[in-house]
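As provided, data_19.cif (mmCIF, C-alpha atoms and all ligand atoms) reads as follows.
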data_input
loop_
_atom_site.label_atom_id
_atom_site.label_comp_id
_atom_site.auth_asym_id
_atom_site.auth_seq_id
_atom_site.Cartn_x
_atom_site.Cartn_y
_atom_site.Cartn_z
CA MET A 202 0.00 0.00 0.00
CA SER A 203 1.27 3.51 -0.81
CA ASN A 204 1.75 6.06 1.99
CA PHE A 205 -0.90 8.14 0.26
CA THR A 206 -3.56 5.46 -0.05
CA PHE A 207 -5.28 6.18 3.26
CA PRO A 208 -4.89 9.97 3.15
CA ILE A 209 -6.69 9.81 -0.21
CA LEU A 210 -9.34 7.39 1.08
CA ARG A 211 -9.96 9.85 3.94
CA LEU A 212 -10.74 12.52 1.36
CA LEU A 213 -12.99 10.14 -0.55
CA ALA A 214 -14.80 9.02 2.64
CA ASP A 215 -17.44 11.70 2.06
CA GLY A 216 -18.75 9.58 -0.83
CA LYS A 217 -18.45 12.48 -3.29
CA PHE A 218 -16.42 12.83 -6.49
CA HIS A 219 -12.91 14.29 -6.11
CA SER A 220 -10.87 15.05 -9.21
CA GLY A 221 -7.36 13.61 -9.43
CA GLU A 222 -6.10 17.14 -9.78
CA ALA A 223 -7.83 18.37 -6.61
CA ILE A 224 -6.59 15.37 -4.60
CA ALA A 225 -3.05 15.87 -5.90
CA LYS A 226 -3.17 19.53 -4.93
CA GLN A 227 -4.53 18.86 -1.43
CA LEU A 228 -1.84 16.31 -0.67
CA ASN A 229 0.89 18.09 -2.58
CA VAL A 230 1.72 15.11 -4.76
CA SER A 231 1.60 14.33 -8.47
CA ARG A 232 -1.48 12.93 -10.21
CA ALA A 233 0.51 9.80 -10.96
CA THR A 234 1.03 9.35 -7.21
CA VAL A 235 -2.72 9.66 -6.67
CA TRP A 236 -3.38 7.10 -9.39
CA ASN A 237 -0.83 4.67 -7.96
CA ALA A 238 -2.20 5.07 -4.43
CA LEU A 239 -5.71 4.32 -5.63
CA GLN A 240 -4.51 1.32 -7.63
CA ALA A 241 -3.02 0.04 -4.37
CA ALA A 242 -6.38 0.55 -2.64
CA GLU A 243 -8.14 -1.42 -5.38
CA ALA A 244 -5.59 -4.19 -5.01
CA LEU A 245 -6.73 -4.42 -1.35
CA GLY A 246 -10.34 -4.83 -2.49
CA VAL A 247 -11.50 -1.22 -2.02
CA GLU A 248 -14.07 -0.41 -4.70
CA ILE A 249 -13.44 3.00 -6.30
CA PHE A 250 -15.49 4.55 -9.07
CA SER A 251 -13.45 6.48 -11.57
CA VAL A 252 -15.33 8.67 -14.07
CA ARG A 253 -13.55 10.66 -16.73
CA GLY A 254 -14.00 14.37 -16.16
CA ARG A 255 -15.35 13.92 -12.60
CA GLY A 256 -12.66 12.01 -10.78
CA TYR A 257 -12.80 9.33 -8.12
CA LYS A 258 -15.44 8.36 -5.59
CA LEU A 259 -16.23 5.58 -3.13
CA PRO A 260 -19.54 3.75 -3.67
CA GLN A 261 -20.87 5.18 -0.40
CA THR A 262 -19.99 7.52 2.47
CA VAL A 263 -17.64 5.84 4.91
CA THR A 264 -17.27 6.75 8.59
CA LEU A 265 -13.68 5.95 9.47
CA LEU A 266 -12.78 4.97 13.02
CA ASN A 267 -11.65 7.73 15.32
CA GLU A 268 -9.97 7.07 18.66
CA GLN A 269 -11.55 9.94 20.57
CA ALA A 270 -15.05 9.11 19.35
CA VAL A 271 -14.63 5.47 20.41
CA LEU A 272 -13.34 6.48 23.86
CA ASN A 273 -16.28 8.86 24.31
CA ALA A 274 -18.69 6.07 23.49
CA ILE A 275 -17.08 3.72 26.04
CA GLY A 276 -17.96 6.21 28.76
CA GLU A 277 -16.83 5.73 32.36
CA GLN A 278 -14.86 2.57 31.60
CA ARG A 279 -12.68 4.29 28.96
CA ASP A 280 -9.53 4.43 31.10
CA LYS A 281 -9.43 0.65 31.30
CA PHE A 282 -8.71 0.30 27.60
CA THR A 283 -5.65 0.79 25.42
CA LEU A 284 -6.98 1.55 21.98
CA GLU A 285 -5.09 1.26 18.68
CA ILE A 286 -6.80 2.10 15.43
CA HIS A 287 -5.10 1.03 12.23
CA ASP A 288 -5.99 1.99 8.70
CA HIS A 289 -5.11 -1.43 7.38
CA LEU A 290 -4.27 -4.76 8.97
CA ALA A 291 -4.32 -8.25 7.53
CA SER A 292 -6.05 -9.55 10.69
CA THR A 293 -6.61 -7.79 13.99
CA ASN A 294 -6.44 -11.16 15.78
CA THR A 295 -3.13 -12.09 14.17
CA TYR A 296 -1.71 -8.67 15.06
CA LEU A 297 -2.72 -8.92 18.74
CA MET A 298 -1.63 -12.56 19.05
CA GLN A 299 1.82 -11.48 17.86
CA LYS A 300 1.90 -8.69 20.46
CA LEU A 301 0.86 -10.99 23.30
CA SER A 302 4.28 -12.38 24.08
CA SER A 303 5.85 -8.91 24.24
CA GLY A 304 3.67 -7.95 27.19
CA GLN A 305 0.80 -6.16 25.44
CA ALA A 306 -1.48 -4.66 28.09
CA HIS A 307 -4.67 -6.27 29.37
CA ALA A 308 -7.76 -4.72 27.69
CA SER A 309 -5.88 -3.66 24.56
CA CYS A 310 -8.21 -3.17 21.65
CA VAL A 311 -6.97 -3.12 18.08
CA ALA A 312 -9.36 -2.10 15.33
CA ALA A 313 -8.77 -1.76 11.60
CA ASN A 314 -10.62 0.37 9.09
CA LEU A 315 -9.68 -2.20 6.49
CA GLN A 316 -8.99 -5.84 7.37
CA THR A 317 -7.94 -7.87 4.36
CA ASN A 318 -7.19 -11.31 5.73
CA GLY A 319 -9.72 -11.85 8.50
CA ARG A 320 -10.01 -15.34 9.90
CA GLY A 321 -12.88 -17.51 11.13
CA ARG A 322 -12.62 -20.79 12.98
CA ARG A 323 -10.59 -23.70 11.63
CA GLY A 324 -8.87 -21.76 8.85
CA ARG A 325 -12.04 -20.23 7.43
CA ALA A 326 -11.95 -16.67 6.10
CA TRP A 327 -13.83 -13.62 7.42
CA GLN A 328 -14.74 -11.20 4.63
CA ALA A 329 -14.57 -7.49 5.38
CA GLY A 330 -14.12 -4.23 3.53
CA LEU A 331 -13.69 -0.49 3.99
CA GLY A 332 -16.95 0.78 5.49
CA ALA A 333 -18.44 -2.68 5.04
CA SER A 334 -17.69 -3.99 8.50
CA LEU A 335 -16.38 -3.23 11.95
CA THR A 336 -13.42 -5.47 12.72
CA PHE A 337 -11.54 -5.43 16.00
CA SER A 338 -9.85 -7.63 18.58
CA LEU A 339 -9.64 -7.29 22.33
CA LEU A 340 -6.92 -8.78 24.50
CA TRP A 341 -8.12 -9.94 27.90
CA ARG A 342 -5.80 -11.49 30.46
CA PHE A 343 -7.18 -14.00 32.99
CA GLN A 344 -5.73 -15.24 36.26
CA CYS A 345 -7.26 -18.65 35.64
CA GLY A 346 -5.85 -21.11 33.11
CA ALA A 347 -7.18 -21.77 29.63
CA ALA A 348 -9.16 -24.69 31.12
CA GLY A 349 -11.33 -22.17 33.00
CA LEU A 350 -12.28 -20.29 29.84
CA SER A 351 -14.78 -22.72 28.35
CA GLY A 352 -17.89 -20.84 27.33
CA LEU A 353 -15.95 -17.62 26.76
CA SER A 354 -17.03 -17.25 23.13
CA LEU A 355 -20.65 -17.71 24.19
CA ALA A 356 -20.29 -15.03 26.89
CA VAL A 357 -18.85 -12.66 24.29
CA GLY A 358 -21.99 -13.26 22.21
CA VAL A 359 -24.08 -11.91 25.10
CA ALA A 360 -22.04 -8.67 25.08
CA LEU A 361 -22.72 -8.36 21.35
CA ILE A 362 -26.45 -8.87 21.82
CA ARG A 363 -26.61 -6.29 24.64
CA SER A 364 -24.78 -3.78 22.43
CA LEU A 365 -27.04 -4.44 19.44
CA HIS A 366 -30.11 -3.99 21.65
CA SER A 367 -28.85 -0.58 22.73
CA PHE A 368 -29.01 0.44 19.04
CA GLY A 369 -32.53 -0.94 18.66
CA VAL A 370 -31.42 -4.11 16.85
CA ASN A 371 -33.65 -6.33 18.99
CA GLN A 372 -34.09 -9.17 16.52
CA ALA A 373 -30.47 -10.38 16.75
CA GLN A 374 -30.01 -13.94 18.00
CA LEU A 375 -27.10 -16.19 18.84
CA LYS A 376 -26.11 -19.45 17.22
CA TRP A 377 -24.02 -21.82 19.27
CA PRO A 378 -21.18 -21.37 19.75
CA ASN A 379 -20.18 -18.03 18.28
CA ASP A 380 -22.36 -16.41 15.62
CA VAL A 381 -24.84 -13.55 15.70
CA LEU A 382 -27.77 -13.99 13.35
CA ILE A 383 -30.73 -12.05 12.09
CA GLY A 384 -33.22 -14.74 11.12
CA ARG A 385 -31.01 -17.26 9.27
CA GLU A 386 -28.51 -14.65 8.10
CA LYS A 387 -25.16 -14.06 9.75
CA LEU A 388 -24.56 -10.53 11.03
CA ALA A 389 -21.44 -11.02 13.12
CA GLY A 390 -18.82 -13.59 14.01
CA ILE A 391 -16.49 -14.12 16.96
CA LEU A 392 -13.08 -15.77 16.88
CA ILE A 393 -11.30 -16.42 20.18
CA GLU A 394 -7.68 -17.49 20.34
CA LEU A 395 -6.05 -18.46 23.63
CA GLN A 396 -2.55 -18.42 24.96
CA GLY A 397 -1.21 -19.69 28.28
CA ASP A 398 -1.12 -22.78 30.43
CA MET A 399 -4.13 -24.86 31.34
CA GLU A 400 -3.33 -23.92 34.97
CA GLY A 401 -2.95 -20.18 34.34
CA PRO A 402 -2.51 -17.35 33.90
CA SER A 403 -3.92 -17.15 30.39
CA ALA A 404 -4.86 -14.61 27.77
CA ALA A 405 -7.61 -14.47 25.17
CA VAL A 406 -7.63 -12.51 21.96
CA ILE A 407 -11.28 -11.93 21.20
CA GLY A 408 -11.88 -11.07 17.56
CA VAL A 409 -15.19 -9.64 16.41
CA GLY A 410 -16.45 -8.84 12.92
CA ILE A 411 -19.81 -7.10 12.50
CA ASN A 412 -21.22 -6.30 9.09
CA LEU A 413 -22.08 -2.63 8.71
CA ASN A 414 -22.94 -2.29 5.05
CA LEU A 415 -21.88 -5.19 2.85
CA PRO A 416 -21.56 -4.43 -0.85
CA ALA A 417 -22.64 -7.14 -3.30
CA SER A 418 -18.98 -7.76 -4.19
CA ILE A 419 -18.26 -8.93 -0.62
CA LYS A 420 -21.59 -10.71 -0.08
CA GLN A 421 -20.93 -12.94 -3.07
CA GLN A 422 -17.67 -14.14 -1.52
CA ILE A 423 -19.51 -15.43 1.56
CA ASP A 424 -20.71 -19.00 1.26
CA GLN A 425 -23.66 -18.65 3.65
CA PRO A 426 -26.50 -16.12 3.98
CA ALA A 427 -25.20 -12.87 5.48
CA THR A 428 -26.75 -9.55 6.44
CA ASP A 429 -25.58 -6.16 7.72
CA LEU A 430 -26.68 -3.45 10.13
CA ALA A 431 -27.60 -1.10 7.29
CA SER A 432 -30.34 -3.62 6.35
CA VAL A 433 -31.68 -4.36 9.83
CA ALA A 434 -31.04 -1.42 12.18
CA PRO A 435 -33.86 1.09 12.76
CA HIS A 436 -31.45 3.99 12.17
CA SER A 437 -27.91 4.37 10.90
CA ILE A 438 -25.23 3.29 13.37
CA ASN A 439 -21.95 5.15 13.74
CA PRO A 440 -19.12 2.57 13.88
CA ASN A 441 -17.27 4.56 16.56
CA GLU A 442 -20.32 4.46 18.82
CA LEU A 443 -20.79 0.80 18.02
CA LEU A 444 -17.18 -0.06 18.93
CA GLY A 445 -17.31 1.99 22.15
CA THR A 446 -20.59 0.38 23.17
CA LEU A 447 -19.24 -3.10 22.43
CA LEU A 448 -16.14 -2.48 24.55
CA LYS A 449 -18.26 -1.21 27.43
CA HIS A 450 -20.47 -4.31 27.38
CA LEU A 451 -17.50 -6.63 26.81
CA SER A 452 -15.73 -5.30 29.88
CA GLU A 453 -18.84 -5.90 32.01
CA VAL A 454 -19.43 -9.40 30.70
CA LEU A 455 -15.74 -10.35 30.93
CA ALA A 456 -15.44 -9.06 34.51
CA ASN A 457 -18.37 -11.27 35.52
CA PHE A 458 -16.95 -14.15 33.52
CA GLU A 459 -13.71 -13.89 35.52
CA GLN A 460 -15.67 -14.33 38.74
CA GLN A 461 -18.32 -16.87 37.78
CA GLY A 462 -17.50 -18.18 34.30
CA PHE A 463 -20.15 -18.60 31.62
CA ALA A 464 -22.75 -19.39 34.31
CA SER A 465 -22.95 -15.63 34.92
CA VAL A 466 -24.75 -15.12 31.60
CA ARG A 467 -25.99 -18.61 30.75
CA ASN A 468 -29.71 -17.89 31.15
CA GLU A 469 -29.42 -14.72 29.12
CA TRP A 470 -27.49 -16.61 26.43
CA VAL A 471 -30.16 -19.32 26.25
CA SER A 472 -32.91 -16.69 25.95
CA HIS A 473 -31.22 -15.45 22.75
CA HIS A 474 -30.30 -18.81 21.25
CA ALA A 475 -31.85 -19.11 17.78
CA TYR A 476 -31.92 -22.93 18.08
CA HIS A 477 -33.08 -23.42 21.66
CA GLN A 478 -35.23 -26.58 21.65
CA LYS A 479 -35.09 -26.68 17.85
CA PRO A 480 -34.04 -29.54 15.56
CA VAL A 481 -30.39 -29.25 14.53
CA LYS A 482 -27.62 -31.01 12.67
CA MET A 483 -24.20 -31.09 14.35
CA LEU A 484 -21.28 -31.22 11.90
CA HIS A 485 -18.14 -33.08 13.01
CA PRO A 486 -14.68 -32.26 11.63
CA ASN A 487 -14.54 -35.66 9.88
CA GLY A 488 -17.73 -34.84 7.93
CA ASN A 489 -20.05 -36.94 10.11
CA GLU A 490 -23.40 -35.45 11.12
CA THR A 491 -25.48 -35.93 14.26
CA PHE A 492 -29.16 -34.98 14.20
CA GLY A 493 -31.08 -34.04 17.31
CA THR A 494 -32.94 -31.36 19.23
CA VAL A 495 -31.19 -28.74 21.33
CA LEU A 496 -32.02 -29.25 25.01
CA ASN A 497 -29.89 -26.62 26.70
CA VAL A 498 -26.45 -25.19 27.23
CA ALA A 499 -24.46 -26.22 30.29
CA ASP A 500 -22.65 -23.85 32.66
CA ASP A 501 -19.40 -24.47 30.77
CA GLY A 502 -20.89 -23.67 27.36
CA VAL A 503 -21.30 -27.30 26.29
CA LEU A 504 -24.35 -27.78 24.04
CA LEU A 505 -26.73 -30.52 25.19
CA VAL A 506 -28.57 -32.22 22.33
CA SER A 507 -31.19 -34.93 22.51
CA THR A 508 -30.38 -37.57 19.85
CA THR A 509 -31.57 -41.10 19.05
CA GLN A 510 -28.62 -42.27 21.15
CA GLY A 511 -29.74 -40.21 24.14
CA GLU A 512 -28.40 -36.88 25.38
CA GLN A 513 -25.11 -35.90 23.78
CA ARG A 514 -22.71 -33.14 24.82
CA PHE A 515 -20.93 -31.01 22.22
CA LEU A 516 -17.81 -28.99 22.96
CA SER A 517 -17.45 -25.91 20.81
CA GLY A 518 -13.87 -26.41 19.54
CA GLU A 519 -14.38 -28.32 16.32
CA ILE A 520 -18.13 -28.67 15.96
CA SER A 521 -20.58 -26.57 13.92
CA LEU A 522 -24.33 -26.34 14.38
CA ARG A 523 -26.70 -26.11 11.43
CA ALA A 524 -30.50 -26.03 11.21
CA ALA A 525 -31.93 -29.48 10.49
CA GLU A 526 -34.04 -29.04 7.37
P1 LIG B 1 -19.70 -22.25 12.87
O1 LIG B 1 -21.12 -22.58 12.98
O2 LIG B 1 -18.79 -23.38 13.11
O3 LIG B 1 -19.31 -21.00 13.57
P2 LIG B 1 -19.26 -20.81 10.42
O4 LIG B 1 -19.34 -21.34 9.01
O5 LIG B 1 -20.17 -19.70 10.78
O6 LIG B 1 -19.50 -22.05 11.31
P3 LIG B 1 -16.95 -19.29 11.43
O7 LIG B 1 -15.56 -19.76 11.50
O8 LIG B 1 -17.65 -18.89 12.66
O9 LIG B 1 -17.74 -20.44 10.68
O10 LIG B 1 -17.01 -18.05 10.43
C1 LIG B 1 -16.42 -18.11 9.15
C2 LIG B 1 -17.52 -18.28 8.11
O11 LIG B 1 -18.40 -17.16 8.17
C3 LIG B 1 -17.01 -18.28 6.68
O12 LIG B 1 -16.64 -19.57 6.29
C4 LIG B 1 -18.20 -17.76 5.90
O13 LIG B 1 -19.13 -18.77 5.63
C5 LIG B 1 -18.86 -16.82 6.87
N1 LIG B 1 -18.46 -15.41 6.66
C6 LIG B 1 -17.27 -14.89 6.25
N2 LIG B 1 -17.29 -13.56 6.24
C7 LIG B 1 -18.54 -13.20 6.63
C8 LIG B 1 -19.19 -11.96 6.81
N3 LIG B 1 -18.59 -10.80 6.61
N4 LIG B 1 -20.48 -11.99 7.23
C9 LIG B 1 -21.13 -13.16 7.48
N5 LIG B 1 -20.56 -14.36 7.32
C10 LIG B 1 -19.28 -14.38 6.90
#

Could you write out this file's structure as C-alpha cells?
Ligand code: ATP
Amino acid sequence: MSNFTFPILRLLADGKFHSGEAIAKQLNVSRATVWNALQAAEALGVEIFSVRGRGYKLPQTVTLLNEQAVLNAIGEQRDKFTLEIHDHLASTNTYLMQKLSSGQAHASCVAANLQTNGRGRRGRAWQAGLGASLTFSLLWRFQCGAAGLSGLSLAVGVALIRSLHSFGVNQAQLKWPNDVLIGREKLAGILIELQGDMEGPSAAVIGVGINLNLPASIKQQIDQPATDLASVAPHSINPNELLGTLLKHLSEVLANFEQQGFASVRNEWVSHHAYHQKPVKMLHPNGNETFGTVLNVADDGVLLVSTTQGEQRFLSGEISLRAAE
C-alpha cells in the first residue's frame, strides 16, 4: 500500500467525487502518485469509481474509526482500555496474538478500518471491507488457566447482543457457539484465540467482525446467507459508537466471567439462542453429522442435544451447528 492510499481514502470518505487534480493539490503530490495510491487501494479490495472528467469516488460515504469518538462512546470505563486504530491490517487477531508475548497490556483493543485477511474458525476466512464492516480484537488477560475459559465465546456473544439492543437491533439472536444472526442470516462472528497454560494465567484474543454495510462484491464471496446493520437497524449506526458500546459491554461481561465463568450469563445466552429446543444437525470435523434437538447449554458452554442415542454433549472447539431441514 502507498503512503498516500489512506490519506486519499480519507478525502474520498465523504462519498463524493474528487478530481485527481484536486486530490493531488490537497496532498501536494503528483497525479501519478494519486493514481498509484488508488490502484493500491483497489488491489486491497476497495471499490473505487473512476469517471472521466469527474474524478474518483467511493460507492458510499464511509465513517472511518476515530480514537476519541470510540473512547467517548465507552464512557466511564474508557480508562481501562488501550486503543489502537489502524488503517489497514491483515487480521486484527493475528496482530494482537503477535503482540501478546511482548507484554501487550490487558484490555488492549486493536481495530482496523480495512482488514484484508480476517479469519474464522478452523482456517475459514472472514470477509470485510472499507466501510463494510467493523473489525476489532480485544486482549483480555485472565488469572485462571485456559481450562477455565470454556464458554468464553458464548459469553462474548451476550455482550454483542446487549450492544445491538442498545441500538434498537432487537431481533439479533445467537447461534451456538459463536455467531450472531438475524433470522437465518449471519450478522457477526467471533473468533477467540487463547494463549497460556491450562493452569494459568492465560490470555484471550477476542476477535469480532460485525457487518455494517456489505456491498454485493463482498456478499458474493460469503458461502452462507449474510446480512448487515444497514439492512436491519432502525437507524444508521456510527461505527465509533458501536465499537465503544461493544467495549463497554464486553468489559462488564468479561469481569463477571472472571468471577463466575459462563454461568454468569448462561440464562441470558439461552434466551437469545436461535436454536433453543429446535431440531439441529451437528457437523463433526470428519464430515459426520449428528441430528437431534437442542435441550440446553451447560454452565461451561457445552451444548446438550437430545439424539436417538440419548443426550449428547458437544464442545465448541471443532463442531458446527446447522439447522436441520
Ligand atoms: P460455525 O457454525 O462453526 O461458527 P461458520 O461457518 O459460521 O461455522 P466461522 O468460523 O464462525 O464459521 O465463520 C467463518 C464463516 O463465516 C465463513 O466460512 C463464511 O461462511 C462466513 N463469513 C465470512 N465472512 C462473513 C461476513 N462478513 N459476514 C457473514 N458471514 C461471513

For this session: Would you work out the distance separating atom CA of A:Gly518 from atom CA of A:Ile419, expressed in Å to one decimal?
Result: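 Spanning atom CA of A:Gly518 to atom CA of A:Ile419 is a straight-line distance of 27.0 Å.
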
For this session: Just the residues within 9 Å of A:Gln278, please, counting all atoms listed in the file, with nothing from its chain fewer than 2 positions along; format it as a list in words.
Result: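 Once the adjacent positions are removed, what remains is Leu272, Ile275, Gly276, Asp280, Lys281, Phe282, Leu448, Lys449 and Ser452 of chain A.
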
For this session: Give as a ChimeraX atom specification the residues surrounding ligand LIG 1 (chain B) up to a distance of 7 Å, considering only C-alpha atoms and all ligand atoms.
Result: /A:321-323,325-329,377-380,387-392,410,412,423-425,427-428,520-523

Problem set entry | Top pick for closest residue to A:Ile362, considering A:His474, A:Ala241, A:Leu413, A:Leu339 and counting all atoms listed in the file |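 So, comparing all the options, the nearest one is A:His474.
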
For this session: Tell me which protein, DNA and RNA residues are within 9 Å of stretch 456-461 of chain A, counting only C-alpha atoms, leaving out same-chain ones fewer than 3 positions away, and put them as a VMD selection string.
Result: chain A and resid 343 to 345 349 to 350 353 356 451 to 453 464 to 466

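Counting only C-alpha atoms, stretch 363-370 of chain A has the following residues at most 8 Å away, ignoring those fewer than 4 positions along the same chain: Val359, Val433, Ala434, Pro435, Ile438, Leu443, Thr446, Leu447 and His450 of chain A.
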
Deliver the residues from the most recent selection as a file, using C-alpha atoms, as a compact mmCIF listing (two decimals), keeping the file's coordinate frame.
# COMPACT_ATOMS: atom_id res chain seq x y z
CA VAL A 359 -24.08 -11.91 25.10
CA VAL A 433 -31.68 -4.36 9.83
CA ALA A 434 -31.04 -1.42 12.18
CA PRO A 435 -33.86 1.09 12.76
CA ILE A 438 -25.23 3.29 13.37
CA LEU A 443 -20.79 0.80 18.02
CA THR A 446 -20.59 0.38 23.17
CA LEU A 447 -19.24 -3.10 22.43
CA HIS A 450 -20.47 -4.31 27.38

Exercise. Taking only C-alpha atoms into account, which of A:Asn314, A:Gln396, A:Thr262, A:Ser351 comes nearest A:Gly462?
Worked result: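 For A:Gly462, the nearest of the candidates is A:Ser351.
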
For this session: For each of A:Ala475, A:Ser334, A:Leu444, A:Tyr296, take the minimum atom-to-atom distance to A:Gln372, counting all atoms listed in the file, then give the residue where this is smallest.
Result: A:Ala475

Exercise. Nearest to A:Gly502 among A:Ser517, A:Gln422, A:Gln374, A:Ser251, with distances taken over all atoms listed in the file: which residue is it?
Worked result: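 The answer is A:Ser517, which sits nearest to A:Gly502.
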
Problem set entry | Nearest to A:Phe207 by atom-to-atom distance, counting only C-alpha atoms, from A:Gly304, A:Pro402, A:Glu222, A:Leu331 | A:Leu331

For this session: May I ask for the distance between atom CA of A:Leu382 and atom CA of A:Leu297, given in Å to one decimal place?
Result: 26.1 Å

Find the smallest box with edges along x, y and z containing every listed atom of stretch 257-261 of chain A, then add 4 Å on each side and report centre and edge lengths in Å to one decimal, as JSON.
{"center_x": -16.8, "center_y": 6.5, "center_z": -4.3, "size_x": 16.1, "size_y": 13.6, "size_z": 15.7}

For this session: Would you please work out which residue, of A:Ala431, A:Leu266, A:Val471, A:Leu284, is nearest to A:His307 when using only C-alpha atoms?
Result: A:Leu284

Exercise. Mind pulling up the distance from atom CA of A:Val263 to atom CA of A:Ala214?
Worked result: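 Spanning atom CA of A:Ala214 to atom CA of A:Val263 is a straight-line distance of 4.8 Å.
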
Problem set entry | Residues within 7 Å of A:Asn294, all atoms listed in the file, excluding chain neighbours under 6 positions, as an MDAnalysis selection string | chainID A and resid 338 406 408

Exercise. Which polymer residues have any atom within 8 Å of an atom of A:Tyr257, counting only C-alpha atoms, with same-chain residues fewer than 4 positions away left out, as a list in words?
Worked result: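 The residues satisfying every condition are Leu213, Phe218, His219, Ser220, Gly221, Ile249, Phe250, Ser251 and Val252 of chain A.
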
Quick one: which stretch 435-468 of chain A residues come within 12 Å of stretch 414-418 of chain A, and what is the nearest atom pair for each with the distance in Å to one decimal, counting only C-alpha atoms, rows ordered by chain and ascending number, as CSV?
residue,atom,partner,partner_atom,distance
A:Ser437,CA,A:Asn414,CA,10.2
A:Ile438,CA,A:Asn414,CA,10.3
A:Asn439,CA,A:Asn414,CA,11.5
A:Pro440,CA,A:Asn414,CA,10.8

Would you mind putting N, CA, C and O atoms back on stretch 341-356 of chain A and writing the result as a compact mmCIF listing (two decimals), in the frame of the given file?
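Saved the output as out00.txt:
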# COMPACT_ATOMS: atom_id res chain seq x y z
N TRP A 341 -7.68 -9.88 26.50
CA TRP A 341 -8.12 -9.94 27.90
C TRP A 341 -7.28 -10.99 28.62
O TRP A 341 -7.17 -12.11 28.16
N ARG A 342 -6.64 -10.56 29.70
CA ARG A 342 -5.80 -11.49 30.46
C ARG A 342 -6.59 -12.04 31.65
O ARG A 342 -7.32 -11.29 32.30
N PHE A 343 -6.44 -13.33 31.90
CA PHE A 343 -7.18 -14.00 32.99
C PHE A 343 -6.20 -14.61 33.96
O PHE A 343 -5.15 -15.13 33.56
N GLN A 344 -6.54 -14.57 35.25
CA GLN A 344 -5.73 -15.24 36.26
C GLN A 344 -5.84 -16.75 36.11
O GLN A 344 -4.88 -17.48 36.32
N CYS A 345 -7.05 -17.20 35.73
CA CYS A 345 -7.26 -18.65 35.64
C CYS A 345 -6.57 -19.17 34.38
O CYS A 345 -6.19 -18.41 33.49
N GLY A 346 -6.45 -20.50 34.29
CA GLY A 346 -5.85 -21.11 33.11
C GLY A 346 -6.85 -21.23 31.98
O GLY A 346 -8.05 -20.98 32.16
N ALA A 347 -6.32 -21.64 30.80
CA ALA A 347 -7.18 -21.77 29.63
C ALA A 347 -8.34 -22.74 29.91
O ALA A 347 -9.43 -22.60 29.34
N ALA A 348 -8.11 -23.71 30.81
CA ALA A 348 -9.16 -24.69 31.12
C ALA A 348 -10.39 -24.01 31.72
O ALA A 348 -11.51 -24.52 31.59
N GLY A 349 -10.19 -22.86 32.37
CA GLY A 349 -11.33 -22.17 33.00
C GLY A 349 -12.08 -21.27 32.04
O GLY A 349 -13.01 -20.56 32.45
N LEU A 350 -11.68 -21.25 30.76
CA LEU A 350 -12.28 -20.29 29.84
C LEU A 350 -13.33 -20.91 28.92
O LEU A 350 -13.74 -20.27 27.95
N SER A 351 -13.79 -22.13 29.25
CA SER A 351 -14.78 -22.72 28.35
C SER A 351 -16.06 -21.88 28.47
O SER A 351 -16.42 -21.40 29.54
N GLY A 352 -16.68 -21.68 27.35
CA GLY A 352 -17.89 -20.84 27.33
C GLY A 352 -17.58 -19.37 27.08
O GLY A 352 -18.50 -18.55 26.98
N LEU A 353 -16.29 -19.03 26.95
CA LEU A 353 -15.95 -17.62 26.76
C LEU A 353 -16.56 -17.04 25.47
O LEU A 353 -17.10 -15.94 25.47
N SER A 354 -16.51 -17.82 24.38
CA SER A 354 -17.03 -17.25 23.13
C SER A 354 -18.55 -17.07 23.21
O SER A 354 -19.11 -16.17 22.59
N LEU A 355 -19.20 -17.90 24.03
CA LEU A 355 -20.65 -17.71 24.19
C LEU A 355 -20.91 -16.43 25.01
O LEU A 355 -21.80 -15.65 24.67
N ALA A 356 -20.11 -16.23 26.05
CA ALA A 356 -20.29 -15.03 26.89
C ALA A 356 -20.09 -13.77 26.05
O ALA A 356 -20.82 -12.79 26.20
